[in-house]
Structure formats: C-alpha cells, structure tokens
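Shown next, in structure tokens, is the structure this report addresses.
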Amino acid sequence: MKIIYTIVVCLLCLAATQQTNAQGQNSEYTLQSEHVFSYGEDKQITSTITITESTFNWIQFINDDTAATNFNIVSVSGQWNESTSTGQLNYTLNIVEDGETYQASFTIEGTSAGLSAELICILSETEQEVYEFSINGITYQ
C-alpha cells in the first residue's frame with residue numbers, strides 16, 4: 001500500500017509540474033510573421049521574433065536587407081498554454097541606444113481563431129510607434 005501511495009504522490013507532483021510549465025509565463029518561442037502593419041499600413045516586412053527568458057529579438061527582412069532589433073525583457077505578465085498556443089502574455093521591454101533607454105511593450109494573444117501580436121515602441125512622452133504582426137507560425141524552444 002505504501003508503494004501505491006508513493007506512486008500516486010509522484011504522479012500528482014509530475015502532473016502539477018507539467019501544468020505549471022504549460023500555463024506559465026516563461027515560454028521561449030519564435031514567431032513568424034509575413035506582414036507588419038503600422039497605423040493601418042502594410043509595411044511589407046517579413047519578421048521573425050524570438051523570445052527567450054531575458055531577450056526579445058525582432059529580425060526584419062525587407063527586400064534583400066536584414067535588420068535586427070534586440071530588446072531586454074524587463075517583466076512579463078499573463079498566462080500562456082504551449083499545448084494550445086492560447087492565452088495572453090504582456091511584456092515590458094527596454095532598449096538602450098546611444099546612451100538613451102527607450103521603453104516598449106509587446107503583447108501576444110492566442111485564441112481558437114489564431115495568434116496576434118503588437119509591439120509599441122515609446123519614442124517620447126508624446127510619440128510612439130505601433131506595430132501589429134500577422135502571425136502565421138509559432139515554434140517553441
């Protein structure tokens with residue numbers, strides 16, 4: 001009987017661990033986007049966005065050129081289920097350029113209808129750039 005009790009406890013602990021991983025905020029993944037919209041205009045930019053524990057890397061493919069923008073992840077909130085790619089995660093980001101620190105936010109939302117993502121770069125107290133991504137794929141690391 002003690003062996004059965006031990007097995008049941010181990011299985012419950014394993015199930016709790018799997019549930020925490022599936023519903024967590026620490027997902028690491030790569031998004032594929034074939035279109036980026038800014039203020040309603042299709043910018044004709046193909047993108048790859050890679051999220052790790054501490055970095056947000058946006059690689060943009062424009063004609064024959066490639067540009068990379070790397071943000072630091074300051075915080076993340078929300079819940080995400082990797083097995084169904086559903087939920088919402090909200091990231092607070094920053095980037096340092098020429099000694100200046102700029103803030104940004106990134107939100108990814110997954111529903112039964114698909115994935116959507118938005119990056120807001122805060123340039124000043126009165127100016128920001130908004131990018132909406134048409135997500136056509138997600139790969140988990």
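Letters for chains follow the order of the structure tokens (A, B, ...), residue numbers begin at 1 for each chain, and ligand numbers begin at 1 in the order shown.
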
Legend entry - Close residues, Gly110 of chain A itself excluded, 8 Å, only C-alpha atoms, min 3 positions apart in chain, as a list in words: Ser85, Thr86, Gly87, Gln88, Ala113, Gly114, Leu115 and Ser116 of chain A

Store the residues of this selection in a file with N, CA and C atoms, as a compact mmCIF listing (two decimals), in the first residue's frame.
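Here's the written file again37.txt:
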# COMPACT_ATOMS: atom_id res chain seq x y z
N SER A 85 -1.34 26.96 -27.66
CA SER A 85 -0.94 28.31 -28.10
C SER A 85 -2.05 29.32 -27.86
N THR A 86 -2.61 29.26 -26.66
CA THR A 86 -3.66 30.20 -26.30
C THR A 86 -3.30 30.91 -24.99
N GLY A 87 -3.90 32.07 -24.82
CA GLY A 87 -3.67 32.90 -23.64
C GLY A 87 -3.20 34.27 -24.07
N GLN A 88 -2.64 34.99 -23.13
CA GLN A 88 -2.10 36.32 -23.42
C GLN A 88 -0.89 36.56 -22.54
N ALA A 113 -9.09 31.32 -32.81
CA ALA A 113 -9.07 31.92 -34.14
C ALA A 113 -7.64 32.14 -34.66
N GLY A 114 -6.63 32.03 -33.78
CA GLY A 114 -5.25 32.23 -34.21
C GLY A 114 -4.47 33.12 -33.27
N LEU A 115 -3.31 33.57 -33.76
CA LEU A 115 -2.39 34.38 -32.97
C LEU A 115 -2.33 35.80 -33.48
N SER A 116 -2.18 36.74 -32.56
CA SER A 116 -1.94 38.13 -32.92
C SER A 116 -0.90 38.69 -31.97

Using 10 Å as the limit and counting only C-alpha atoms, can you tabulate each residue of segment 73-98 of chain A that touches segment 121-140 of chain A, with its shortest atom-to-atom distance in Å and the two atoms involved, as a tab-separated table?
residue	atom	partner	partner_atom	distance
A:Glu82	CA	A:Tyr140	CA	7.8
A:Ser83	CA	A:Tyr140	CA	9.9
A:Ser85	CA	A:Ile138	CA	8.2
A:Leu93	CA	A:Cys121	CA	8.9
A:Asn94	CA	A:Cys121	CA	9.0
A:Ile95	CA	A:Cys121	CA	9.7

Export N, CA and C atoms of the chosen residues as a PDB file, in the first residue's frame?
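Dumped everything to part_31.pdb:
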ATOM      1  N   GLU A  82       1.222  26.401 -23.867  1.00  0.00           N
ATOM      2  CA  GLU A  82       2.006  25.995 -25.039  1.00  0.00           C
ATOM      3  C   GLU A  82       1.327  24.899 -25.847  1.00  0.00           C
ATOM      4  N   SER A  83       0.586  24.030 -25.192  1.00  0.00           N
ATOM      5  CA  SER A  83      -0.015  22.916 -25.932  1.00  0.00           C
ATOM      6  C   SER A  83      -1.113  23.377 -26.884  1.00  0.00           C
ATOM      7  N   SER A  85      -1.341  26.962 -27.660  1.00  0.00           N
ATOM      8  CA  SER A  85      -0.937  28.309 -28.101  1.00  0.00           C
ATOM      9  C   SER A  85      -2.049  29.320 -27.859  1.00  0.00           C
ATOM     10  N   LEU A  93       9.446  45.953 -22.156  1.00  0.00           N
ATOM     11  CA  LEU A  93      10.766  45.857 -22.768  1.00  0.00           C
ATOM     12  C   LEU A  93      11.510  47.175 -22.636  1.00  0.00           C
ATOM     13  N   ASN A  94      12.836  47.102 -22.781  1.00  0.00           N
ATOM     14  CA  ASN A  94      13.607  48.329 -22.960  1.00  0.00           C
ATOM     15  C   ASN A  94      14.786  48.047 -23.881  1.00  0.00           C
ATOM     16  N   ILE A  95      15.294  49.120 -24.443  1.00  0.00           N
ATOM     17  CA  ILE A  95      16.437  49.044 -25.340  1.00  0.00           C
ATOM     18  C   ILE A  95      17.288  50.285 -25.077  1.00  0.00           C
TER      19      ILE A  95
END

Inset, instruction - Please give the complete set of residues from chain A that DSSP, run on the backbone, assigns to strand (DSSP E or B), formatted as a PyMOL selection string. - result: chain A and resi 29-38+41-42+46-51+55-62+65-81+86-97+100-111+114-122+128-140

Inset, instruction - Kindly indicate which residue among A:Val36, A:Leu89, A:Ile62, A:Ile51 lies nearest to Val76 of chain A, using only C-alpha atoms for the distances. - result: A:Leu89

Legend entry - Residues near Ala68 of chain A, cut-off 10 Å, only C-alpha atoms, skip fewer than 5 positions along chain, as an MDAnalysis selection string: chainID A and resid 47:49 57:61

Inset, instruction - Tell me which of A:Gln79, A:Asn63, A:Gln103, A:Asn70 sits closest to Lys43 of chain A, counting only C-alpha atoms. - result: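 Result for the nearest residue to Lys43 of chain A: A:Asn63.
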
Inset, instruction - Could you tell me, as a ChimeraX atom specification, which residues of segment 6-137 of chain A DSSP assigns to helix (DSSP H, G or I) when given the backbone? - result: /A:6-22
